[in-house]
$ cat model.cif   # mmCIF, C-alpha atoms
data_query
#
loop_
_atom_site.label_atom_id
_atom_site.label_comp_id
_atom_site.auth_asym_id
_atom_site.auth_seq_id
_atom_site.Cartn_x
_atom_site.Cartn_y
_atom_site.Cartn_z
CA MET A 1 7.74 -24.96 13.47
CA SER A 2 5.30 -23.09 15.68
CA VAL A 3 1.84 -24.45 16.43
CA PRO A 4 -0.67 -23.33 13.78
CA MET A 5 -3.18 -20.77 15.05
CA PRO A 6 -6.71 -22.12 15.66
CA ARG A 7 -9.23 -21.10 13.02
CA ASP A 8 -11.24 -18.87 15.41
CA GLU A 9 -8.11 -16.92 16.22
CA MET A 10 -7.25 -16.63 12.56
CA MET A 11 -10.69 -15.12 11.94
CA GLU A 12 -9.89 -12.43 14.52
CA VAL A 13 -6.62 -11.74 12.77
CA VAL A 14 -8.57 -11.24 9.54
CA ALA A 15 -10.20 -8.23 11.25
CA LEU A 16 -6.75 -6.80 12.01
CA TYR A 17 -5.80 -7.34 8.39
CA ALA A 18 -8.93 -5.51 7.24
CA LEU A 19 -8.13 -2.57 9.52
CA GLY A 20 -4.53 -2.43 8.29
CA VAL A 21 -2.71 -2.97 11.59
CA LEU A 22 -0.87 -6.18 10.82
CA PRO A 23 2.88 -6.24 10.30
CA ARG A 24 3.92 -7.17 6.77
CA GLU A 25 5.04 -10.71 7.56
CA GLU A 26 1.73 -11.51 9.26
CA SER A 27 -0.17 -9.99 6.37
CA ALA A 28 1.21 -12.68 4.07
CA LEU A 29 0.08 -15.37 6.49
CA VAL A 30 -3.45 -13.96 6.66
CA ALA A 31 -3.58 -13.47 2.89
CA ALA A 32 -2.77 -17.16 2.48
CA PHE A 33 -5.49 -18.08 4.98
CA VAL A 34 -8.06 -15.80 3.33
CA ALA A 35 -7.16 -17.15 -0.09
CA GLY A 36 -8.02 -20.69 0.93
CA ASP A 37 -11.06 -20.17 3.18
CA ASP A 38 -14.46 -19.02 1.88
CA ASP A 39 -15.70 -17.86 5.33
CA ALA A 40 -12.51 -15.90 5.92
CA ARG A 41 -12.86 -14.24 2.54
CA ARG A 42 -16.43 -13.17 3.32
CA GLU A 43 -15.35 -11.93 6.74
CA TYR A 44 -12.50 -9.98 5.18
CA HIS A 45 -14.70 -8.30 2.58
CA ASP A 46 -17.34 -7.44 5.20
CA LEU A 47 -14.92 -5.95 7.70
CA ARG A 48 -12.83 -4.28 5.03
CA ALA A 49 -15.98 -2.48 3.90
CA ALA A 50 -16.46 -1.16 7.44
CA ALA A 51 -12.78 -0.24 7.79
CA ASP A 52 -12.83 1.65 4.50
CA THR A 53 -15.50 3.98 5.80
CA ILE A 54 -13.46 5.05 8.82
CA ALA A 55 -11.45 7.48 6.70
CA PHE A 56 -14.64 9.54 6.40
CA ALA A 57 -14.54 10.32 10.08
CA ALA A 58 -11.41 12.38 9.39
CA GLU A 59 -12.94 14.60 6.73
CA GLU A 60 -12.32 18.19 7.78
CA PRO A 61 -13.38 21.55 6.46
CA VAL A 62 -10.17 23.09 5.20
CA ASP A 63 -9.38 26.68 6.00
CA SER A 64 -10.29 28.54 2.81
CA ALA A 65 -6.94 30.34 2.60
CA ALA A 66 -5.03 27.07 2.96
CA SER A 67 -7.31 25.39 0.46
CA ALA A 68 -6.80 28.16 -2.08
CA ARG A 69 -3.04 28.15 -1.46
CA MET A 70 -2.76 24.40 -2.03
CA LYS A 71 -4.97 24.51 -5.08
CA GLU A 72 -3.06 27.41 -6.62
CA ARG A 73 0.28 25.64 -6.22
CA LEU A 74 -1.04 22.33 -7.50
CA VAL A 75 -2.90 23.74 -10.45
CA ALA A 76 0.11 25.81 -11.52
CA LYS A 77 2.25 22.65 -11.61
CA VAL A 78 -0.43 20.65 -13.34
CA ARG A 79 -1.10 23.29 -16.00
CA ALA A 80 2.61 23.67 -16.69
CA ASP A 81 2.95 19.91 -16.98
CA ALA A 82 -0.11 19.64 -19.23
CA ALA A 83 1.33 22.35 -21.46
CA GLY A 84 4.46 20.22 -21.85
CA GLY A 85 6.74 22.50 -19.89
CA ASN A 86 8.72 22.07 -16.74
CA PRO A 87 8.27 25.09 -14.48
CA VAL A 88 11.44 24.37 -12.56
CA ALA A 89 13.62 23.86 -15.61
CA ARG A 90 12.19 26.89 -17.34
CA ARG A 91 12.70 29.16 -14.37
CA ARG A 92 15.02 31.96 -15.41
CA ILE A 93 17.94 33.00 -13.34
CA GLY A 94 17.54 36.53 -12.05
CA PRO A 95 19.88 39.42 -12.86
CA ASN A 96 23.40 38.96 -11.52
CA PRO A 97 24.08 41.54 -8.79
CA GLY A 98 27.61 41.75 -10.21
CA TRP A 99 26.26 43.86 -13.06
CA LEU A 100 25.50 46.52 -10.50
CA TRP A 101 29.20 46.98 -9.92
CA GLY A 102 31.40 49.03 -12.13
CA THR A 103 33.22 46.93 -14.70
CA GLY A 104 36.67 47.65 -13.22
CA LEU A 105 35.61 46.90 -9.69
CA ALA A 106 34.07 43.63 -10.82
CA ALA A 107 37.27 42.65 -12.66
CA ALA A 108 39.44 43.46 -9.64
CA ALA A 109 37.18 41.51 -7.35
CA ALA A 110 37.30 38.60 -9.77
CA LEU A 111 41.12 38.62 -9.70
CA VAL A 112 41.32 38.82 -5.92
CA PHE A 113 38.90 35.99 -5.35
CA SER A 114 39.74 33.82 -8.31
CA PHE A 115 42.20 31.53 -6.51
CA VAL A 116 39.88 31.06 -3.59
CA THR A 117 36.98 30.48 -5.91
CA VAL A 118 38.84 27.87 -7.97
CA ALA A 119 39.85 25.99 -4.84
CA GLN A 120 36.33 26.14 -3.47
CA ASP A 121 34.96 25.14 -6.84
CA VAL A 122 37.13 22.00 -6.98
CA ALA A 123 36.12 21.04 -3.46
CA LEU A 124 32.48 21.72 -4.15
CA ARG A 125 32.58 19.71 -7.38
CA GLY A 126 34.07 16.81 -5.43
CA ASP A 127 31.33 17.08 -2.82
CA LEU A 128 28.72 17.40 -5.51
CA ALA A 129 29.92 14.32 -7.35
CA GLN A 130 29.95 12.34 -4.12
CA THR A 131 26.47 13.58 -3.23
CA LYS A 132 25.22 12.69 -6.69
CA ARG A 133 26.64 9.16 -6.39
CA ARG A 134 25.02 8.80 -2.98
CA ALA A 135 21.72 10.13 -4.36
CA GLU A 136 21.88 7.66 -7.26
CA THR A 137 22.53 4.78 -4.87
CA LEU A 138 19.62 5.83 -2.67
CA ALA A 139 17.37 6.30 -5.70
CA ASN A 140 18.23 2.78 -6.89
CA GLN A 141 17.53 1.35 -3.44
CA LEU A 142 14.24 3.23 -3.30
CA ALA A 143 13.23 2.03 -6.77
CA GLN A 144 14.01 -1.55 -5.74
CA THR A 145 12.00 -1.19 -2.53
CA GLU A 146 9.09 0.25 -4.49
CA ARG A 147 9.24 -2.65 -6.96
CA VAL A 148 9.15 -5.15 -4.10
CA SER A 149 6.32 -3.24 -2.45
CA ARG A 150 4.33 -3.14 -5.72
CA ASN A 151 4.80 -6.90 -6.15
CA ASP A 152 3.69 -7.51 -2.56
CA ARG A 153 0.59 -5.40 -3.06
CA GLN A 154 -0.26 -7.17 -6.32
CA THR A 155 0.19 -10.56 -4.68
CA LEU A 156 -2.01 -9.69 -1.69
CA THR A 157 -4.66 -8.19 -3.98
CA ASP A 158 -4.71 -11.26 -6.21
CA LEU A 159 -4.84 -13.69 -3.29
CA VAL A 160 -7.93 -12.19 -1.67
CA SER A 161 -9.66 -11.11 -4.85
CA SER A 162 -13.24 -12.27 -5.29
CA ASP A 163 -12.64 -13.01 -8.97
CA ALA A 164 -9.61 -15.24 -8.38
CA ARG A 165 -9.98 -18.97 -9.04
CA ARG A 166 -8.97 -21.16 -6.13
CA TYR A 167 -7.87 -24.77 -6.36
CA GLU A 168 -7.69 -26.37 -2.95
CA VAL A 169 -4.86 -28.65 -1.98
CA ALA A 170 -4.22 -30.30 1.36
CA GLN A 171 -1.66 -27.65 2.29
CA GLY A 172 -3.69 -24.58 1.23
CA ALA A 173 -4.68 -23.37 -2.20
CA VAL A 174 -3.42 -22.68 -5.68
CA VAL A 175 -4.78 -19.26 -6.67
CA VAL A 176 -5.10 -18.07 -10.26
CA ARG A 177 -6.02 -14.53 -11.18
CA GLY A 178 -5.62 -13.35 -14.74
CA ASP A 179 -2.28 -14.64 -15.95
CA HIS A 180 -0.87 -14.90 -12.41
CA VAL A 181 -0.65 -18.15 -10.51
CA TYR A 182 0.26 -18.42 -6.82
CA PHE A 183 0.70 -21.05 -4.18
CA ALA A 184 -0.92 -19.85 -0.93
CA LEU A 185 0.15 -22.66 1.38
CA SER A 186 -0.17 -22.60 5.13
CA LYS A 187 0.30 -26.20 6.24
CA LEU A 188 3.67 -27.18 4.82
CA PRO A 189 5.80 -29.49 6.96
CA ALA A 190 9.27 -28.19 7.80
CA LEU A 191 12.08 -29.68 5.72
CA PRO A 192 15.43 -31.06 6.78
CA LYS A 193 18.49 -28.96 6.05
CA GLY A 194 19.54 -29.05 2.43
CA ARG A 195 16.03 -29.74 1.12
CA VAL A 196 13.59 -27.30 -0.46
CA TYR A 197 10.16 -27.41 -1.99
CA GLN A 198 10.11 -27.10 -5.77
CA ALA A 199 7.19 -26.11 -7.99
CA TRP A 200 6.51 -27.86 -11.29
CA THR A 201 4.22 -26.89 -14.12
CA VAL A 202 2.59 -28.84 -16.92
CA LEU A 203 1.62 -26.88 -20.02
CA LYS A 204 -1.89 -27.42 -21.37
CA GLY A 205 -1.89 -30.42 -23.67
CA ALA A 206 1.63 -31.47 -22.59
CA LYS A 207 2.64 -34.46 -20.50
CA ALA A 208 6.14 -33.50 -19.38
CA VAL A 209 6.64 -31.39 -16.27
CA GLN A 210 8.70 -28.20 -16.37
CA PRO A 211 10.82 -27.20 -13.37
CA SER A 212 9.84 -23.95 -11.68
CA VAL A 213 10.86 -22.04 -8.57
CA THR A 214 12.11 -23.51 -5.29
CA PHE A 215 10.89 -22.20 -1.96
CA THR A 216 10.90 -22.80 1.77
CA PRO A 217 8.01 -22.08 4.13
CA ASN A 218 8.40 -19.84 7.17
CA ALA A 219 8.37 -21.17 10.73
CA ASP A 220 4.57 -21.39 10.65
CA GLY A 221 4.58 -23.56 7.54
CA VAL A 222 3.40 -20.65 5.39
CA ALA A 223 4.63 -20.00 1.87
CA VAL A 224 3.14 -17.54 -0.60
CA VAL A 225 4.82 -18.06 -3.95
CA GLN A 226 4.15 -16.61 -7.38
CA LEU A 227 5.13 -18.91 -10.21
CA PRO A 228 6.98 -17.13 -13.02
CA VAL A 229 4.67 -18.52 -15.70
CA ASP A 230 1.65 -17.43 -17.69
CA ALA A 231 -1.26 -19.02 -15.84
CA LEU A 232 -3.31 -19.12 -19.05
CA LYS A 233 -0.89 -21.67 -20.54
CA ILE A 234 -0.71 -23.95 -17.50
CA GLY A 235 -2.74 -27.16 -17.24
CA ALA A 236 -1.48 -28.38 -13.87
CA VAL A 237 0.98 -27.58 -11.10
CA ALA A 238 2.77 -29.78 -8.61
CA VAL A 239 5.21 -29.53 -5.71
CA THR A 240 7.93 -31.95 -4.68
CA VAL A 241 10.75 -31.91 -2.15
CA GLU A 242 14.14 -31.55 -3.83
CA PRO A 243 17.76 -30.93 -2.91
CA ASP A 244 18.71 -27.32 -2.27
CA GLY A 245 19.01 -25.53 -5.62
CA GLY A 246 16.25 -27.59 -7.22
CA SER A 247 16.22 -30.40 -9.76
CA LYS A 248 15.68 -30.65 -13.50
CA ALA A 249 13.16 -33.46 -13.01
CA PRO A 250 11.25 -34.53 -9.89
CA THR A 251 13.20 -36.90 -7.64
CA THR A 252 10.52 -37.49 -4.98
CA SER A 253 6.80 -38.22 -4.82
CA PRO A 254 4.73 -35.06 -5.19
CA THR A 255 3.59 -33.19 -2.10
CA PHE A 256 0.59 -32.34 -4.27
CA VAL A 257 -0.48 -32.32 -7.90
CA ARG A 258 -3.30 -29.97 -8.90
CA PRO A 259 -4.91 -29.70 -12.34
CA LEU A 260 -6.01 -26.11 -13.02
CA SER A 261 -9.38 -26.77 -14.60
CA MET B 5 -10.03 9.75 -13.93
CA ASP B 6 -10.17 9.14 -17.67
CA ARG B 7 -9.98 12.89 -18.21
CA ILE B 8 -7.01 13.13 -15.85
CA ARG B 9 -5.28 10.35 -17.77
CA ALA B 10 -5.89 12.53 -20.83
CA ARG B 11 -4.02 15.35 -19.01
CA ASP B 12 -7.03 17.60 -18.46
CA PRO B 13 -6.19 20.22 -15.78
CA VAL B 14 -9.85 21.20 -15.40
CA ALA B 15 -10.74 17.63 -14.45
CA PHE B 16 -7.89 17.72 -11.95
CA GLU B 17 -9.30 20.88 -10.35
CA SER B 18 -12.71 19.24 -10.02
CA LEU B 19 -11.17 16.19 -8.43
CA TYR B 20 -9.22 18.37 -6.01
CA ASP B 21 -12.37 20.31 -5.07
CA ALA B 22 -14.23 17.08 -4.38
CA TYR B 23 -11.62 15.21 -2.38
CA HIS B 24 -9.14 17.61 -0.79
CA ARG B 25 -11.11 17.86 2.47
CA LEU B 26 -10.96 14.09 2.88
CA VAL B 27 -7.24 13.87 2.09
CA PHE B 28 -6.39 16.88 4.26
CA GLY B 29 -8.51 15.49 7.10
CA ILE B 30 -6.71 12.15 7.04
CA GLY B 31 -3.36 13.94 7.01
CA LEU B 32 -4.34 16.21 9.87
CA ARG B 33 -5.76 13.37 11.94
CA MET B 34 -2.71 11.18 11.45
CA LEU B 35 0.05 13.78 11.54
CA GLY B 36 -1.54 16.32 13.87
CA ASP B 37 -0.06 19.31 12.08
CA PRO B 38 -1.89 21.49 9.51
CA SER B 39 1.22 22.35 7.50
CA MET B 40 2.20 18.68 7.26
CA ALA B 41 -1.36 17.85 6.28
CA GLU B 42 -1.08 20.46 3.51
CA ASP B 43 2.15 18.91 2.27
CA LEU B 44 0.55 15.49 2.34
CA THR B 45 -2.47 16.76 0.41
CA GLN B 46 -0.25 18.22 -2.28
CA SER B 47 1.79 15.07 -2.47
CA VAL B 48 -1.30 12.88 -2.87
CA PHE B 49 -2.83 15.03 -5.59
CA LEU B 50 0.46 15.30 -7.47
CA LYS B 51 0.67 11.52 -7.33
CA ILE B 52 -2.82 11.33 -8.85
CA TRP B 53 -1.75 13.66 -11.63
CA THR B 54 1.61 12.07 -12.38
CA ALA B 55 0.54 8.44 -11.98
CA PRO B 56 -3.20 8.20 -12.70
CA ASP B 57 -2.82 4.58 -13.78
CA ALA B 58 -2.08 3.68 -10.16
CA PHE B 59 -5.86 3.81 -9.74
CA ARG B 60 -7.13 0.66 -11.33
CA GLY B 61 -10.85 0.91 -10.85
CA GLY B 62 -13.20 0.29 -7.94
CA SER B 63 -13.93 3.01 -5.46
CA PHE B 64 -11.90 6.15 -6.05
CA THR B 65 -12.82 7.41 -2.59
CA ALA B 66 -11.51 4.28 -0.92
CA TRP B 67 -8.39 4.37 -3.07
CA VAL B 68 -7.53 7.99 -2.40
CA SER B 69 -8.14 7.45 1.33
CA ARG B 70 -5.68 4.58 1.32
CA VAL B 71 -3.12 6.57 -0.63
CA ALA B 72 -3.43 9.39 1.90
CA ARG B 73 -3.15 6.98 4.81
CA ASN B 74 -0.10 5.31 3.30
CA ARG B 75 1.63 8.65 2.72
CA ALA B 76 0.92 9.62 6.31
CA LEU B 77 2.26 6.25 7.49
CA ASP B 78 5.47 6.98 5.59
CA VAL B 79 5.79 10.28 7.42
CA LEU B 80 5.08 8.67 10.78
CA ARG B 81 7.66 5.99 10.06
CA SER B 82 10.32 8.52 9.14
CA ARG B 83 9.48 10.42 12.31
CA ALA B 84 9.66 7.38 14.56
CA VAL B 85 12.51 5.70 12.68
CA ARG B 86 10.23 2.70 12.59
CA PRO B 87 11.34 -0.31 10.53
CA GLU B 88 9.97 0.10 7.04
CA THR B 89 8.43 -3.33 6.90
CA GLU B 90 6.43 -3.02 10.07
CA ILE B 91 3.10 -2.21 8.49
CA PRO B 92 2.26 -2.91 4.88
CA ALA B 93 2.50 0.23 2.80
CA ASP B 94 -0.78 -0.63 1.26
CA LEU B 95 -3.59 -3.09 1.48
CA PRO B 96 -5.28 -4.93 -1.31
CA LEU B 97 -8.00 -2.77 -2.71
CA ASP B 98 -9.98 -5.45 -4.44
CA GLY B 99 -13.35 -5.93 -2.82
CA ALA B 100 -13.43 -2.43 -1.44
CA LEU B 101 -16.65 -0.48 -1.59
CA ASP B 102 -17.70 1.04 -4.84
CA ASP B 103 -18.28 4.76 -5.20
CA ASP B 104 -22.02 4.29 -5.21
CA VAL B 105 -21.77 3.04 -1.64
CA PHE B 106 -19.60 5.97 -0.64
CA THR B 107 -22.13 8.44 -1.97
CA ARG B 108 -24.56 7.05 0.61
CA ILE B 109 -22.13 7.61 3.46
CA ASP B 110 -20.93 10.89 4.85
CA ALA B 111 -18.55 11.90 7.56
CA GLN B 112 -21.27 12.48 10.13
CA ARG B 113 -22.80 9.03 9.64
CA VAL B 114 -19.41 7.39 10.12
CA ARG B 115 -18.72 9.53 13.20
CA ASP B 116 -22.12 8.55 14.58
CA ALA B 117 -21.39 4.88 13.93
CA LEU B 118 -18.03 5.19 15.65
CA ALA B 119 -19.64 7.07 18.55
CA GLN B 120 -22.05 4.20 19.11
CA LEU B 121 -19.19 1.76 19.71
CA PRO B 122 -18.06 1.06 23.27
CA SER B 123 -15.08 3.31 23.92
CA ASP B 124 -12.67 0.39 24.32
CA GLN B 125 -13.52 -0.78 20.79
CA ARG B 126 -13.64 2.70 19.27
CA ASP B 127 -10.29 3.75 20.74
CA LEU B 128 -8.52 0.70 19.35
CA ILE B 129 -10.07 1.06 15.90
CA GLU B 130 -9.32 4.77 15.62
CA LEU B 131 -5.80 4.44 16.98
CA GLY B 132 -5.18 1.51 14.64
CA PHE B 133 -6.52 3.23 11.57
CA PHE B 134 -5.18 6.73 12.13
CA GLY B 135 -2.22 6.03 14.39
CA GLY B 136 -0.32 3.79 11.98
CA VAL B 137 0.53 1.25 14.65
CA THR B 138 0.50 -2.52 14.73
CA HIS B 139 -1.83 -4.58 16.89
CA GLN B 140 1.09 -5.35 19.22
CA GLU B 141 1.68 -1.62 19.68
CA LEU B 142 -2.04 -1.12 20.27
CA ALA B 143 -1.86 -3.70 23.04
CA GLN B 144 1.15 -1.99 24.61
CA ARG B 145 -0.18 1.55 24.34
CA THR B 146 -3.56 0.69 25.80
CA ALA B 147 -2.24 -1.87 28.30
CA THR B 148 -4.65 -4.42 26.87
CA PRO B 149 -3.92 -8.12 26.31
CA LEU B 150 -3.26 -8.89 22.65
CA GLY B 151 -6.14 -11.35 22.45
CA THR B 152 -8.52 -8.71 23.79
CA VAL B 153 -7.28 -6.22 21.20
CA LYS B 154 -8.11 -8.68 18.43
CA THR B 155 -11.53 -9.48 19.82
CA ARG B 156 -12.45 -5.83 20.34
CA ILE B 157 -11.34 -4.76 16.88
CA ARG B 158 -13.31 -7.55 15.26
CA ALA B 159 -16.41 -6.81 17.33
CA GLY B 160 -16.08 -3.08 16.67
CA LEU B 161 -15.75 -3.45 12.92
CA ARG B 162 -18.75 -5.78 12.87
CA LYS B 163 -20.81 -3.24 14.78
CA MET B 164 -19.66 -0.49 12.43
CA ARG B 165 -20.91 -2.52 9.54
CA GLU B 166 -24.23 -3.17 11.27
CA SER B 167 -24.62 0.51 12.19
CA LEU B 168 -23.99 1.66 8.66
CA GLY B 169 -26.40 -1.06 7.58
CA GLU B 170 -27.21 -1.33 3.94
CA ARG B 171 -25.03 1.64 3.18
CA VAL B 172 -22.02 -0.63 3.19
CA SER B 173 -23.76 -3.64 1.68
CA GLN B 174 -21.99 -4.59 -1.50
#
$ encode --input "model.cif" --output "C-alpha cells"
Amino acid sequence: MSVPMPRDEMMEVVALYALGVLPREESALVAAFVAGDDDARREYHDLRAAADTIAFAAEEPVDSAASARMKERLVAKVRADAAGGNPVARRRIGPNPGWLWGTGLAAAAALVFSFVTVAQDVALRGDLAQTKRRAETLANQLAQTERVSRNDRQTLTDLVSSDARRYEVAQGAVVVRGDHVYFALSKLPALPKGRVYQAWTVLKGAKAVQPSVTFTPNADGVAVVQLPVDALKIGAVAVTVEPDGGSKAPTTSPTFVRPLS
Amino acid sequence: MDRIRARDPVAFESLYDAYHRLVFGIGLRMLGDPSMAEDLTQSVFLKIWTAPDAFRGGSFTAWVSRVARNRALDVLRSRAVRPETEIPADLPLDGALDDDVFTRIDAQRVRDALAQLPSDQRDLIELGFFGGVTHQELAQRTATPLGTVKTRIRAGLRKMRESLGERVSQ
C-alpha cells in the first residue's frame, strides 16, 4: 500500500477536484476524503463556487447568422417532436428519376442490370446486417458505459452533498443520502490474498446481521462502496474480513460497527 | 424547465435565447472551431429538450455550463484518442451556486477576476478548465512541478472567490 497523502496535500487536491482536472480514479479518493472531513467539504464548496463561475469567461457574442441558423434547426426539430411527429421518419422520398425514362427503356435497363443488382443487393444486405450487428454491440457497450458513468456521478454527488448524513468510523465515514448508503473509507489496511472486506447490515428493530457486498480497497487503502440496500430500513452497518467470495455470517471480529442514528 | 418538461417549444426558444451564447462560448473556447462549437451547442440544447429530467435542480446556469464542458471534453477525447476514464465526464453538481448568484455575475466580472490573478495561476486554471486536461498534463505542458500546479490552482481559485466577493457567497 502506498503512503497516505498528508492532509495539507489532500486539501490541495480538493482544489483540483473542484476545478475538474482530476483523473477518475483520483476523484473517488478525493470524494471519500471530502465525505469524511468537514474542512475539506467547506473547501470544496468554496472553490467549486469559484470554479463554476469560470465558464462565464467563455461567453461569446454569437454571429447573428449562425445563431439564427442554429435556432432554426433546433426549433424545427423541437416543434416536430412536440407535435408528436418524427421529421426524419416522415420525410418523403423524392420522385424517382426512373419515371423520366420511357417505360420501355426503363424495362430494358432493368433487365440488363438485374443480375448485377441482385448480386450487389445480396452483398449489401450482408454488409448491412454485419454493420447493424456491430452498431448494436457498440450501442450496448455505450449504454453500459453511460450506466456506469451515471452511477459514478450519483455516488460522487451523494458523497460530497451538504445534506448527506455522515457517520464517522476509524477508517473514514458511512454516508447516507436519501435511500442510498455508502462506505467512503480511506484508511483500510491491505488484506492478505484470498481475503476480502464484507459489509453487513442490520435492519431497524432486528438483531440478526444480513450479509451484503464484499470489496477490496485500492493500493491507497481507499474504498468507495454503495450498499445495495434501502438506507431508510437500515439500523446499523458493519464490516468484517472474510474469505474471498464472502460469508453467510461473520467469521471475524468487526473492522467497525456503526449504528445509523 | 418545468415548461420544457411539459414539451413547450416556446419555453425552449426562450431558454435557447438566454443561454446559447454561454454554451457556444464554452464550445468555441474548448474546441477552437466555430462550426464545432455550433454542433456542440445544438447537441447540448437537444439534450435539454430530450432529457430535461437530467437537470435536477440547483443552478441551471452551472448545470448547462457543465453539460457543455463535458460534451466538449468528449470531443477532445475522441480527437486525442485519450483514454475515456482519464477525466470524469461530470462532476457532482450538489453545492453549486444557485441561479440567484449567477444573476449577480457576468462574463466581464469573471474575466476581470481572472485578469487579476498572477499569470502562472490564471494560465493553469484556464487551461485546466477549458483544455480538458488532467493536473499531470498541466504540469507537463507548463513544465511546472506537480506540487506547484496544485498550490497555484488552489491559490488561484481562492483569489477568484475573494475577487468575486459576496457574489459567490452561498
$ resolve_selection --input "model.cif" --expression "the PyMOL selection byres ((chain A) within 6 of (chain B))" --output "PyMOL selection string"
chain A and resi 12+15+21-24+47+49-50+56-62+79+82+156-157+161
$ write_last_selection --input "model.cif" --atoms "C-alpha atoms" --output "mmCIF file, in the frame of the given file"
data_model
loop_
_atom_site.group_PDB
_atom_site.id
_atom_site.type_symbol
_atom_site.label_atom_id
_atom_site.label_comp_id
_atom_site.auth_asym_id
_atom_site.auth_seq_id
_atom_site.Cartn_x
_atom_site.Cartn_y
_atom_site.Cartn_z
ATOM 1 C CA GLU A 12 -9.890 -12.430 14.520
ATOM 2 C CA ALA A 15 -10.200 -8.230 11.250
ATOM 3 C CA VAL A 21 -2.710 -2.970 11.590
ATOM 4 C CA LEU A 22 -0.870 -6.180 10.820
ATOM 5 C CA PRO A 23 2.880 -6.240 10.300
ATOM 6 C CA ARG A 24 3.920 -7.170 6.770
ATOM 7 C CA LEU A 47 -14.920 -5.950 7.700
ATOM 8 C CA ALA A 49 -15.980 -2.480 3.900
ATOM 9 C CA ALA A 50 -16.460 -1.160 7.440
ATOM 10 C CA PHE A 56 -14.640 9.540 6.400
ATOM 11 C CA ALA A 57 -14.540 10.320 10.080
ATOM 12 C CA ALA A 58 -11.410 12.380 9.390
ATOM 13 C CA GLU A 59 -12.940 14.600 6.730
ATOM 14 C CA GLU A 60 -12.320 18.190 7.780
ATOM 15 C CA PRO A 61 -13.380 21.550 6.460
ATOM 16 C CA VAL A 62 -10.170 23.090 5.200
ATOM 17 C CA ARG A 79 -1.100 23.290 -16.000
ATOM 18 C CA ALA A 82 -0.110 19.640 -19.230
ATOM 19 C CA LEU A 156 -2.010 -9.690 -1.690
ATOM 20 C CA THR A 157 -4.660 -8.190 -3.980
ATOM 21 C CA SER A 161 -9.660 -11.110 -4.850
#
$ resolve_selection --input "model.cif" --expression "the PyMOL selection byres ((chain A and resi 204) around 10)" --output "ChimeraX atom specification"
/A:201-203,205-207,232-236,259-260
$ atom_distance --input "model.cif" --atom1 "atom CA of Ala68 of chain A" --atom2 "atom CA of Thr53 of chain A"
26.9 Å
$ residues_around --input "model.cif" --residues "Leu191 of chain A" --least-positions-apart "3" --cutoff "9 Å" --atoms "all atoms listed in the file" --output "PDB file with C-alpha atoms, in the coordinates of the input"
ATOM      1  CA  LEU A 188       3.670 -27.180   4.820  1.00  0.00           C
ATOM      2  CA  GLY A 194      19.540 -29.050   2.430  1.00  0.00           C
ATOM      3  CA  ARG A 195      16.030 -29.740   1.120  1.00  0.00           C
ATOM      4  CA  VAL A 196      13.590 -27.300  -0.460  1.00  0.00           C
ATOM      5  CA  TYR A 197      10.160 -27.410  -1.990  1.00  0.00           C
ATOM      6  CA  THR A 216      10.900 -22.800   1.770  1.00  0.00           C
ATOM      7  CA  PRO A 217       8.010 -22.080   4.130  1.00  0.00           C
ATOM      8  CA  VAL A 241      10.750 -31.910  -2.150  1.00  0.00           C
TER       9      VAL A 241
END
$ residues_around --input "model.cif" --residues "segment 247-258 of chain A" --least-positions-apart "2" --cutoff "6 Å" --atoms "only C-alpha atoms" --output "ChimeraX atom specification"
/A:211,236-240
$ atom_distance --input "model.cif" --atom1 "atom CA of Asn218 of chain A" --atom2 "atom CA of Thr148 of chain B"
28.2 Å
$ resolve_selection --input "model.cif" --expression "the PyMOL selection byres ((chain A and resi 31) around 9)" --output "PyMOL selection string"
chain A and resi 14+17+26-30+32-36+155-157+159-160+184+224
$ closest_residue --input "model.cif" --among "A:Gly84, A:Gln141, A:Glu25, A:Gln154" --to "Ala219 of chain A" --atoms "only C-alpha atoms"
A:Glu25
$ closest_residue --input "model.cif" --among "B:Leu77, B:Ala15, B:Arg126, B:Ala58" --to "Leu44 of chain B" --atoms "all atoms listed in the file"
B:Leu77
$ closest_residue --input "model.cif" --among "B:Asp37, B:Leu150, B:Asp57, B:Asp6" --to "Ala76 of chain B" --atoms "only C-alpha atoms"
B:Asp37
